[in-house]
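Just data.cif here, mmCIF, C-alpha atoms and all ligand atoms:
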```cif
data_start
#
loop_
_atom_site.group_PDB
_atom_site.id
_atom_site.type_symbol
_atom_site.label_atom_id
_atom_site.label_comp_id
_atom_site.auth_asym_id
_atom_site.auth_seq_id
_atom_site.Cartn_x
_atom_site.Cartn_y
_atom_site.Cartn_z
ATOM 1 C CA MET A 163 -6.814 -39.362 23.203
ATOM 2 C CA ILE A 164 -8.575 -35.998 23.467
ATOM 3 C CA SER A 165 -6.940 -32.819 24.725
ATOM 4 C CA LEU A 166 -8.063 -31.172 27.966
ATOM 5 C CA LYS A 167 -6.690 -27.786 26.908
ATOM 6 C CA ASN A 168 -9.178 -25.051 27.874
ATOM 7 C CA GLN A 169 -11.821 -27.583 28.922
ATOM 8 C CA ILE A 170 -13.676 -26.429 32.025
ATOM 9 C CA ILE A 171 -13.398 -29.020 34.781
ATOM 10 C CA LEU A 172 -15.260 -28.740 38.083
ATOM 11 C CA ILE A 173 -13.714 -30.799 40.887
ATOM 12 C CA THR A 174 -15.510 -31.124 44.224
ATOM 13 C CA GLY A 175 -13.368 -31.903 47.255
ATOM 14 C CA ALA A 176 -10.300 -30.307 45.663
ATOM 15 C CA SER A 177 -8.842 -29.197 49.020
ATOM 16 C CA SER A 178 -7.320 -32.607 49.804
ATOM 17 C CA GLY A 179 -6.413 -36.093 48.597
ATOM 18 C CA ILE A 180 -7.740 -37.339 45.268
ATOM 19 C CA GLY A 181 -9.440 -34.051 44.314
ATOM 20 C CA ASN A 182 -6.230 -32.156 44.936
ATOM 21 C CA ALA A 183 -4.265 -34.635 42.783
ATOM 22 C CA CYS A 184 -6.857 -34.317 39.984
ATOM 23 C CA ALA A 185 -6.443 -30.525 40.056
ATOM 24 C CA LYS A 186 -2.687 -30.923 39.557
ATOM 25 C CA ILE A 187 -2.899 -33.383 36.668
ATOM 26 C CA PHE A 188 -5.584 -31.360 34.859
ATOM 27 C CA ALA A 189 -3.681 -28.094 35.413
ATOM 28 C CA ARG A 190 -0.641 -29.692 33.794
ATOM 29 C CA GLU A 191 -2.807 -30.441 30.736
ATOM 30 C CA GLY A 192 -3.997 -26.830 30.417
ATOM 31 C CA ALA A 193 -7.590 -27.276 31.586
ATOM 32 C CA LYS A 194 -9.532 -24.430 33.216
ATOM 33 C CA LEU A 195 -10.348 -25.484 36.761
ATOM 34 C CA ILE A 196 -13.257 -24.803 39.064
ATOM 35 C CA LEU A 197 -12.117 -26.030 42.476
ATOM 36 C CA ALA A 198 -14.743 -26.563 45.165
ATOM 37 C CA ALA A 199 -14.560 -27.457 48.861
ATOM 38 C CA ARG A 200 -15.446 -25.970 52.243
ATOM 39 C CA ARG A 201 -11.859 -25.030 53.187
ATOM 40 C CA LEU A 202 -11.271 -21.979 51.002
ATOM 41 C CA GLU A 203 -7.750 -21.307 52.332
ATOM 42 C CA ARG A 204 -6.597 -24.710 51.147
ATOM 43 C CA LEU A 205 -8.090 -24.042 47.720
ATOM 44 C CA GLN A 206 -6.366 -20.659 47.582
ATOM 45 C CA GLN A 207 -2.985 -22.224 48.386
ATOM 46 C CA LEU A 208 -3.502 -24.872 45.713
ATOM 47 C CA ALA A 209 -4.602 -22.266 43.175
ATOM 48 C CA ASN A 210 -1.495 -20.148 43.878
ATOM 49 C CA THR A 211 0.801 -23.122 43.369
ATOM 50 C CA LEU A 212 -0.923 -24.285 40.190
ATOM 51 C CA SER A 213 -1.134 -20.815 38.637
ATOM 52 C CA LYS A 214 2.575 -20.298 39.211
ATOM 53 C CA GLU A 215 3.573 -23.700 37.896
ATOM 54 C CA PHE A 216 1.214 -24.043 34.922
ATOM 55 C CA SER A 217 -0.224 -20.517 34.331
ATOM 56 C CA VAL A 218 -3.617 -22.124 34.548
ATOM 57 C CA GLU A 219 -6.927 -20.269 34.995
ATOM 58 C CA ILE A 220 -8.716 -21.203 38.219
ATOM 59 C CA HIS A 221 -12.062 -20.275 39.726
ATOM 60 C CA LEU A 222 -12.662 -21.118 43.386
ATOM 61 C CA LEU A 223 -15.948 -22.085 45.016
ATOM 62 C CA GLN A 224 -16.266 -22.300 48.768
ATOM 63 C CA LEU A 225 -19.058 -24.808 48.853
ATOM 64 C CA ASP A 226 -20.645 -27.344 51.154
ATOM 65 C CA VAL A 227 -22.106 -29.900 48.750
ATOM 66 C CA ARG A 228 -24.713 -30.899 51.352
ATOM 67 C CA ASP A 229 -26.385 -27.505 50.998
ATOM 68 C CA ARG A 230 -28.691 -27.794 47.980
ATOM 69 C CA ILE A 231 -29.518 -24.094 47.825
ATOM 70 C CA ALA A 232 -25.809 -23.212 47.982
ATOM 71 C CA VAL A 233 -25.036 -25.685 45.182
ATOM 72 C CA GLU A 234 -27.818 -24.253 43.033
ATOM 73 C CA PHE A 235 -26.605 -20.706 43.712
ATOM 74 C CA ALA A 236 -22.951 -21.575 43.010
ATOM 75 C CA ILE A 237 -23.681 -23.272 39.693
ATOM 76 C CA SER A 238 -26.262 -20.794 38.422
ATOM 77 C CA ASN A 239 -24.087 -17.798 39.351
ATOM 78 C CA LEU A 240 -20.852 -18.929 37.752
ATOM 79 C CA PRO A 241 -19.331 -16.089 35.679
ATOM 80 C CA SER A 242 -20.206 -16.674 32.021
ATOM 81 C CA ALA A 243 -16.593 -17.590 31.171
ATOM 82 C CA TRP A 244 -16.882 -20.476 33.646
ATOM 83 C CA SER A 245 -20.452 -21.645 33.206
ATOM 84 C CA LYS A 246 -19.999 -24.162 30.366
ATOM 85 C CA ILE A 247 -18.660 -27.037 32.427
ATOM 86 C CA ASP A 248 -17.191 -29.827 30.275
ATOM 87 C CA ILE A 249 -16.205 -32.290 33.008
ATOM 88 C CA LEU A 250 -17.661 -32.735 36.486
ATOM 89 C CA ILE A 251 -15.586 -34.711 38.991
ATOM 90 C CA ASN A 252 -17.947 -35.648 41.834
ATOM 91 C CA ASN A 253 -15.190 -36.415 44.333
ATOM 92 C CA ALA A 254 -16.236 -34.755 47.626
ATOM 93 C CA GLY A 255 -16.966 -37.495 50.104
ATOM 94 C CA LEU A 256 -16.135 -38.980 53.454
ATOM 95 C CA SER A 257 -16.533 -41.846 55.848
ATOM 96 C CA ARG A 258 -17.366 -41.330 59.501
ATOM 97 C CA GLY A 259 -16.766 -44.013 62.137
ATOM 98 C CA LEU A 260 -16.504 -47.768 61.893
ATOM 99 C CA ASP A 261 -19.234 -48.673 64.381
ATOM 100 C CA LYS A 262 -21.516 -51.654 64.252
ATOM 101 C CA LEU A 263 -24.769 -50.603 62.597
ATOM 102 C CA HIS A 264 -26.878 -51.198 65.708
ATOM 103 C CA GLU A 265 -24.514 -48.974 67.696
ATOM 104 C CA GLY A 266 -24.077 -46.350 64.974
ATOM 105 C CA ASP A 267 -23.973 -42.597 65.430
ATOM 106 C CA PHE A 268 -26.829 -40.738 63.722
ATOM 107 C CA GLN A 269 -24.747 -37.677 62.953
ATOM 108 C CA ASN A 270 -22.098 -39.823 61.259
ATOM 109 C CA TRP A 271 -24.774 -41.477 59.122
ATOM 110 C CA GLU A 272 -26.308 -38.177 58.114
ATOM 111 C CA GLU A 273 -22.962 -36.637 57.206
ATOM 112 C CA MET A 274 -22.095 -39.581 54.941
ATOM 113 C CA ILE A 275 -25.515 -39.805 53.302
ATOM 114 C CA ASP A 276 -25.803 -36.028 52.843
ATOM 115 C CA THR A 277 -22.307 -35.679 51.374
ATOM 116 C CA ASN A 278 -21.711 -38.880 49.414
ATOM 117 C CA ILE A 279 -25.210 -39.350 48.005
ATOM 118 C CA LYS A 280 -27.187 -36.129 48.210
ATOM 119 C CA GLY A 281 -24.246 -33.791 47.542
ATOM 120 C CA LEU A 282 -23.265 -35.805 44.481
ATOM 121 C CA LEU A 283 -26.883 -35.747 43.289
ATOM 122 C CA TYR A 284 -27.194 -31.973 43.756
ATOM 123 C CA LEU A 285 -24.051 -31.251 41.717
ATOM 124 C CA THR A 286 -25.196 -33.678 39.031
ATOM 125 C CA ARG A 287 -28.692 -32.217 38.889
ATOM 126 C CA TYR A 288 -27.483 -28.616 38.528
ATOM 127 C CA VAL A 289 -24.534 -29.232 36.162
ATOM 128 C CA VAL A 290 -25.752 -31.945 33.770
ATOM 129 C CA PRO A 291 -28.679 -30.049 32.132
ATOM 130 C CA GLY A 292 -26.131 -27.555 30.722
ATOM 131 C CA MET A 293 -24.097 -30.454 29.348
ATOM 132 C CA VAL A 294 -27.211 -31.904 27.712
ATOM 133 C CA SER A 295 -28.156 -28.606 26.085
ATOM 134 C CA ARG A 296 -24.575 -28.032 24.834
ATOM 135 C CA GLY A 297 -24.281 -31.650 23.657
ATOM 136 C CA ARG A 298 -20.990 -32.319 25.419
ATOM 137 C CA GLY A 299 -19.807 -33.400 28.852
ATOM 138 C CA HIS A 300 -18.401 -36.084 31.117
ATOM 139 C CA ILE A 301 -19.305 -36.898 34.724
ATOM 140 C CA VAL A 302 -16.832 -38.849 36.847
ATOM 141 C CA ASN A 303 -18.126 -40.114 40.177
ATOM 142 C CA LEU A 304 -15.804 -41.313 42.931
ATOM 143 C CA GLY A 305 -17.231 -44.597 44.100
ATOM 144 C CA SER A 306 -15.227 -47.140 46.065
ATOM 145 C CA ILE A 307 -14.658 -50.861 46.425
ATOM 146 C CA ALA A 308 -16.900 -50.242 49.450
ATOM 147 C CA GLY A 309 -19.737 -49.951 46.933
ATOM 148 C CA HIS A 310 -19.004 -53.467 45.688
ATOM 149 C CA GLN A 311 -18.173 -55.246 48.955
ATOM 150 C CA THR A 312 -19.518 -54.473 52.416
ATOM 151 C CA TYR A 313 -16.999 -54.829 55.247
ATOM 152 C CA PRO A 314 -17.610 -55.051 59.013
ATOM 153 C CA GLY A 315 -18.370 -51.620 60.439
ATOM 154 C CA GLY A 316 -18.550 -50.176 56.909
ATOM 155 C CA ASN A 317 -22.374 -50.490 56.773
ATOM 156 C CA VAL A 318 -23.565 -46.940 56.000
ATOM 157 C CA TYR A 319 -20.400 -45.799 54.185
ATOM 158 C CA CYS A 320 -20.638 -48.909 51.985
ATOM 159 C CA ALA A 321 -24.319 -48.152 51.397
ATOM 160 C CA THR A 322 -23.485 -44.631 50.207
ATOM 161 C CA LYS A 323 -20.915 -45.967 47.755
ATOM 162 C CA ALA A 324 -23.334 -48.668 46.549
ATOM 163 C CA ALA A 325 -25.698 -45.746 45.915
ATOM 164 C CA VAL A 326 -22.997 -43.966 43.906
ATOM 165 C CA LYS A 327 -22.647 -47.123 41.788
ATOM 166 C CA ALA A 328 -26.421 -47.201 41.149
ATOM 167 C CA ILE A 329 -26.511 -43.460 40.436
ATOM 168 C CA SER A 330 -23.646 -43.740 37.926
ATOM 169 C CA GLU A 331 -25.399 -46.620 36.154
ATOM 170 C CA GLY A 332 -28.733 -44.780 36.194
ATOM 171 C CA LEU A 333 -27.212 -41.576 34.854
ATOM 172 C CA LYS A 334 -25.509 -43.460 32.039
ATOM 173 C CA GLN A 335 -28.850 -45.002 31.075
ATOM 174 C CA ASP A 336 -30.701 -41.703 31.292
ATOM 175 C CA LEU A 337 -28.107 -39.976 29.108
ATOM 176 C CA LEU A 338 -28.273 -42.628 26.390
ATOM 177 C CA GLY A 339 -28.830 -40.830 23.097
ATOM 178 C CA THR A 340 -26.618 -37.903 24.132
ATOM 179 C CA PRO A 341 -22.834 -37.691 23.706
ATOM 180 C CA ILE A 342 -22.357 -37.258 27.459
ATOM 181 C CA ARG A 343 -20.158 -39.768 29.242
ATOM 182 C CA VAL A 344 -20.430 -41.195 32.760
ATOM 183 C CA THR A 345 -17.665 -42.961 34.640
ATOM 184 C CA SER A 346 -17.388 -44.391 38.125
ATOM 185 C CA VAL A 347 -13.856 -44.658 39.507
ATOM 186 C CA ASP A 348 -13.832 -47.037 42.462
ATOM 187 C CA PRO A 349 -10.574 -47.259 44.411
ATOM 188 C CA GLY A 350 -9.504 -49.514 47.250
ATOM 189 C CA MET A 351 -7.138 -48.155 49.878
ATOM 190 C CA VAL A 352 -5.736 -44.687 49.067
ATOM 191 C CA GLU A 353 -3.616 -42.791 51.577
ATOM 192 C CA THR A 354 -5.255 -39.375 52.030
ATOM 193 C CA GLU A 355 -6.951 -37.593 54.928
ATOM 194 C CA PHE A 356 -9.800 -40.093 54.519
ATOM 195 C CA SER A 357 -8.971 -42.205 57.622
ATOM 196 C CA ASP A 358 -8.221 -39.122 59.743
ATOM 197 C CA VAL A 359 -11.687 -37.860 58.859
ATOM 198 C CA ARG A 360 -13.232 -41.308 59.452
ATOM 199 C CA PHE A 361 -11.768 -41.426 62.968
ATOM 200 C CA HIS A 362 -12.502 -37.755 63.726
ATOM 201 C CA GLY A 363 -8.832 -36.725 63.873
ATOM 202 C CA ASP A 364 -7.504 -39.778 65.776
ATOM 203 C CA SER A 365 -4.345 -39.907 63.646
ATOM 204 C CA GLU A 366 -2.849 -42.866 65.514
ATOM 205 C CA ARG A 367 -5.859 -44.993 64.555
ATOM 206 C CA ALA A 368 -5.802 -43.563 61.031
ATOM 207 C CA ASP A 369 -2.105 -44.412 60.570
ATOM 208 C CA LYS A 370 -2.804 -48.043 61.472
ATOM 209 C CA VAL A 371 -5.031 -48.381 58.401
ATOM 210 C CA TYR A 372 -1.967 -47.993 56.170
ATOM 211 C CA GLN A 373 0.563 -49.737 58.434
ATOM 212 C CA GLY A 374 2.831 -52.212 56.634
ATOM 213 C CA VAL A 375 1.109 -51.811 53.244
ATOM 214 C CA THR A 376 1.838 -49.737 50.196
ATOM 215 C CA PRO A 377 -1.514 -48.039 49.524
ATOM 216 C CA LEU A 378 -2.530 -46.218 46.375
ATOM 217 C CA THR A 379 -1.562 -42.559 46.257
ATOM 218 C CA PRO A 380 -3.989 -39.801 45.250
ATOM 219 C CA ASP A 381 -1.861 -39.398 42.087
ATOM 220 C CA ASP A 382 -2.501 -43.044 41.165
ATOM 221 C CA VAL A 383 -6.249 -42.400 41.226
ATOM 222 C CA ALA A 384 -5.969 -39.057 39.421
ATOM 223 C CA ASP A 385 -3.981 -40.834 36.716
ATOM 224 C CA VAL A 386 -6.860 -43.279 36.134
ATOM 225 C CA ILE A 387 -9.395 -40.431 36.068
ATOM 226 C CA PHE A 388 -7.189 -38.644 33.541
ATOM 227 C CA PHE A 389 -7.178 -41.776 31.373
ATOM 228 C CA CYS A 390 -10.989 -42.023 31.520
ATOM 229 C CA VAL A 391 -11.622 -38.420 30.490
ATOM 230 C CA THR A 392 -9.132 -38.412 27.617
ATOM 231 C CA ARG A 393 -10.458 -41.384 25.594
ATOM 232 C CA SER A 394 -11.896 -40.841 22.118
ATOM 233 C CA PRO A 395 -15.341 -39.198 22.336
ATOM 234 C CA HIS A 396 -17.184 -42.426 21.368
ATOM 235 C CA VAL A 397 -15.572 -44.421 24.227
ATOM 236 C CA ASN A 398 -17.208 -44.545 27.658
ATOM 237 C CA ILE A 399 -15.239 -46.128 30.502
ATOM 238 C CA ASN A 400 -18.179 -47.129 32.707
ATOM 239 C CA GLU A 401 -16.388 -48.301 35.822
ATOM 240 C CA VAL A 402 -12.835 -48.756 37.020
ATOM 241 C CA ILE A 403 -11.946 -50.696 40.156
ATOM 242 C CA LEU A 404 -8.366 -50.182 41.263
ATOM 243 C CA MET A 405 -6.598 -51.275 44.400
ATOM 244 C CA PRO A 406 -3.038 -51.557 45.627
ATOM 245 C CA VAL A 407 -1.131 -54.767 44.922
ATOM 246 C CA ASP A 408 -1.183 -55.209 48.722
ATOM 247 C CA GLN A 409 -4.982 -55.434 48.730
ATOM 248 C CA ALA A 410 -7.190 -58.206 47.316
ATOM 249 C CA SER A 411 -10.620 -57.204 48.657
ATOM 250 C CA ALA A 412 -12.152 -54.717 51.065
ATOM 251 C CA THR A 413 -10.871 -56.833 53.972
ATOM 252 C CA LEU A 414 -7.921 -58.819 52.565
ATOM 253 C CA VAL A 415 -4.776 -56.759 52.970
ATOM 254 C CA ASN A 416 -1.159 -57.921 52.946
ATOM 255 C CA ARG A 417 0.619 -56.277 55.900
ATOM 256 C CA ARG A 418 4.367 -56.693 56.193
ATOM 257 C CA THR A 419 4.517 -55.633 59.857
HETATM 258 N N1 LIG B 501 -9.008 -42.689 50.548
HETATM 259 C C1 LIG B 501 -9.565 -43.834 50.231
HETATM 260 O O1 LIG B 501 -9.113 -44.899 50.666
HETATM 261 C C2 LIG B 501 -10.769 -43.854 49.296
HETATM 262 C C3 LIG B 501 -11.125 -45.086 48.727
HETATM 263 C C4 LIG B 501 -12.222 -45.137 47.886
HETATM 264 C C5 LIG B 501 -12.953 -43.994 47.602
HETATM 265 N N2 LIG B 501 -12.597 -42.801 48.189
HETATM 266 C C6 LIG B 501 -13.422 -41.632 47.878
HETATM 267 O O2 LIG B 501 -12.615 -40.633 47.267
HETATM 268 C C7 LIG B 501 -13.182 -39.346 47.493
HETATM 269 C C8 LIG B 501 -12.095 -38.394 47.972
HETATM 270 O O3 LIG B 501 -11.612 -38.825 49.232
HETATM 271 P P1 LIG B 501 -10.097 -38.672 49.693
HETATM 272 O O4 LIG B 501 -9.596 -40.036 49.972
HETATM 273 O O5 LIG B 501 -9.344 -37.798 48.755
HETATM 274 O O6 LIG B 501 -10.328 -37.995 51.137
HETATM 275 P P2 LIG B 501 -9.864 -36.573 51.739
HETATM 276 O O7 LIG B 501 -8.398 -36.396 51.598
HETATM 277 O O8 LIG B 501 -10.438 -36.546 53.114
HETATM 278 O O9 LIG B 501 -10.619 -35.519 50.808
HETATM 279 C C9 LIG B 501 -12.023 -35.385 50.843
HETATM 280 C C10 LIG B 501 -12.423 -34.099 50.143
HETATM 281 O O10 LIG B 501 -13.862 -34.000 50.182
HETATM 282 C C11 LIG B 501 -14.211 -32.688 50.592
HETATM 283 N N3 LIG B 501 -15.492 -32.659 51.264
HETATM 284 C C12 LIG B 501 -15.910 -33.429 52.307
HETATM 285 N N4 LIG B 501 -17.135 -33.053 52.700
HETATM 286 C C13 LIG B 501 -17.499 -32.015 51.899
HETATM 287 C C14 LIG B 501 -18.647 -31.190 51.804
HETATM 288 N N5 LIG B 501 -19.681 -31.350 52.646
HETATM 289 N N6 LIG B 501 -18.681 -30.218 50.868
HETATM 290 C C15 LIG B 501 -17.642 -30.050 50.029
HETATM 291 N N7 LIG B 501 -16.529 -30.792 50.049
HETATM 292 C C16 LIG B 501 -16.463 -31.760 50.983
HETATM 293 C C17 LIG B 501 -13.072 -32.241 51.518
HETATM 294 O O11 LIG B 501 -12.971 -30.816 51.491
HETATM 295 P P3 LIG B 501 -13.379 -29.829 52.693
HETATM 296 O O12 LIG B 501 -13.222 -30.599 53.986
HETATM 297 O O13 LIG B 501 -12.416 -28.688 52.550
HETATM 298 O O14 LIG B 501 -14.782 -29.445 52.381
HETATM 299 C C18 LIG B 501 -11.864 -32.854 50.824
HETATM 300 O O15 LIG B 501 -11.359 -31.990 49.844
HETATM 301 C C19 LIG B 501 -14.325 -39.560 48.488
HETATM 302 O O16 LIG B 501 -15.550 -39.599 47.781
HETATM 303 C C20 LIG B 501 -14.016 -40.934 49.088
HETATM 304 O O17 LIG B 501 -15.172 -41.574 49.561
HETATM 305 C C21 LIG B 501 -11.506 -42.709 49.017
#
```
Spell out the structure here as structure tokens.
Amino acid sequence: MISLKNQIILITGASSGIGNACAKIFAREGAKLILAARRLERLQQLANTLSKEFSVEIHLLQLDVRDRIAVEFAISNLPSAWSKIDILINNAGLSRGLDKLHEGDFQNWEEMIDTNIKGLLYLTRYVVPGMVSRGRGHIVNLGSIAGHQTYPGGNVYCATKAAVKAISEGLKQDLLGTPIRVTSVDPGMVETEFSDVRFHGDSERADKVYQGVTPLTPDDVADVIFFCVTRSPHVNINEVILMPVDQASATLVNRRT
């Protein structure tokens, strides 16, 4: 197991859910954190809590990953003490709607494609060259079981996560010959703000997603990510699929109510 002490870890989507849980677990291990998201206030609150609890160094980036120029600016203007990123957690992502494809909403599609695919690509494209030139680094992409199995109404979201799977595999191949590692962490049902966002704030509908089941928690996923990034340097965990015991596939869920 390798130590994360003083390693610089950039987490996108750190203002909520899995990204937030990753920030906590890495702070506990003494990493230096770059936390990115659009909601700066949330990041500030998290940074205050983590600095008090773990005396950790944190750099905040208010960033919309869909904005390529903003991503380029943010990465190329990092203060020199923060510019040598060791680990990139490409976590920012969302689903929008659960409509049939032929009735789908164009804006929902664009938001998912721009965030989950293009945003992840932009971060990767601007961060990884530094890793290559320094000869060290690890990229963790948040995929999903949705990238392995398409479910009714999941169409475009599932397509974006299938793209993440292909991008992770492609990046691993393209980095062969370097010491840089690539991992895709692909969870099933995790209780976060994900369903609230999917249903545009309809929390009653969102709550039903988790009704009668024990879903994964963001900490469960962060724990797996922590495992992946702390293996011996010659070990690459390519892909992890994890789901709650109450789930057997994208559509098979054991509900007790
Ligand atoms: N929850 C699940 O069941 C589940 C299952 C499999 C995979 N995943 C994946 O896990 C990742 C994290 O999701 P979560 O469940 O933790 O959901 P969440 O609680 O809604 O968190 C999503 C995070 O992504 C950020 N984000 C969204 N759009 C962004 C943008 N344009 N620019 C920058 N940041 C953006 C949000 O921050 P701001 O809104 O502040 O920008 C937020 O911090 C996503 O990639 C999701 O697809 C989730």
- request: Name the residues captured by the PyMOL selection byres (((not hetatm)) within 7 of (chain B and resi 501)) when it is applied to the shown file; answer as a PyMOL selection string.
  value: chain A and resi 174-181+198-202+225-228+253-257+277-278+304-307+348-356+359+380
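For the file at hand, the PyMOL selection byres (((chain A and resi 362-375) around 7) and not hetatm) resolves to A:Ser357, A:Asp358, A:Val359, A:Arg360, A:Phe361, A:Thr376, A:Pro377, A:Asp408, A:Asn416, A:Arg417, A:Arg418, A:Thr419.
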Output of the PyMOL selection byres (((chain A and resi 330-335) around 10) and not hetatm), listed as a list in words: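 Applying the PyMOL selection byres (((chain A and resi 330-335) around 10) and not hetatm) to the structure shown produces Thr286, Val290, Ile301, Val302, Asn303, Leu304, Gly305, Ala324, Ala325, Val326, Lys327, Ala328, Ile329, Asp336, Leu337, Leu338, Gly339, Thr340, Ile342, Arg343, Val344, Thr345, Ser346, Val347, Asn398, Asn400 and Glu401 of chain A.
Neighbouring residues of Ala321 of chain A at 9 Å or closer, counting only C-alpha atoms and skipping chain neighbours under 2 positions away, are Ile275, Ala308, Gly309, Thr312, Gly316, Asn317, Val318, Tyr319, Lys323, Ala324, Ala325 and Val326 of chain A.
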Show me, as a JSON list (two decimals) with C-alpha atoms, in the coordinates of the input, the residues that have an atom within 9 Å of Lys186 of chain A when counting all atoms listed in the file, minus same-chain residues fewer than 5 positions from it.
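Generated output (selection-v6.json):
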```
[["chain", "number", "residue", "atom", "x", "y", "z"],
["A", 181, "GLY", "CA", -9.44, -34.05, 44.31],
["A", 191, "GLU", "CA", -2.81, -30.44, 30.74],
["A", 208, "LEU", "CA", -3.50, -24.87, 45.71],
["A", 212, "LEU", "CA", -0.92, -24.28, 40.19],
["A", 381, "ASP", "CA", -1.86, -39.40, 42.09],
["A", 384, "ALA", "CA", -5.97, -39.06, 39.42]]
```
message: I need the residue nearest Asp248 of chain A from this list: A:Leu283, A:Val218, A:Leu166, A:Arg204. Use all atoms listed in the file for the distance.
response: A:Leu166
field: Among listed residues A:Leu260, A:Ile247, A:Ile279, A:Val233, nearest Leu195 of chain A (using all atoms listed in the file)
entry: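 Among the listed residues, A:Ile247 lies closest to Leu195 of chain A.
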message: What does the structure give for the distance between atom CA of Leu205 of chain A and atom CA of Asn182 of chain A, in Å to one decimal?
response: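 Result for atom CA of Leu205 of chain A versus atom CA of Asn182 of chain A: 8.8 Å, one decimal.
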task: Go through A:Met274, A:Ile399, A:Lys246, A:Gly259 one by one, measure the shortest atom-to-atom distance of each to Ser295 of chain A using only C-alpha atoms, and give the residue with the smallest value.
output: A:Lys246
message: As an exercise, work out the distance from atom CA of Ser411 of chain A to atom CA of Pro314 of chain A in Å and give it to one decimal place.
response: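 Atom CA of Pro314 of chain A lies at a distance of 12.7 Å from atom CA of Ser411 of chain A.
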message: Please compute the atom CA of Leu223 of chain A-atom CA of Leu197 of chain A distance, one decimal, in Å.
response: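 A separation of 6.1 Å between them.
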query: Within 9 Å of Gly292 of chain A, counting all atoms listed in the file, which residues qualify if same-chain residues fewer than 4 places away don't, as a PyMOL selection string?
result: chain A and resi 245-247+288+296-299
Padding 4 Å on every side, please: axis-aligned box over the listed atoms of segment 216-220 of chain A, centre and edge lengths to one decimal in Å, as JSON.
```
{"center_x": -3.8, "center_y": -22.2, "center_z": 36.3, "size_x": 17.9, "size_y": 11.8, "size_z": 11.9}
```
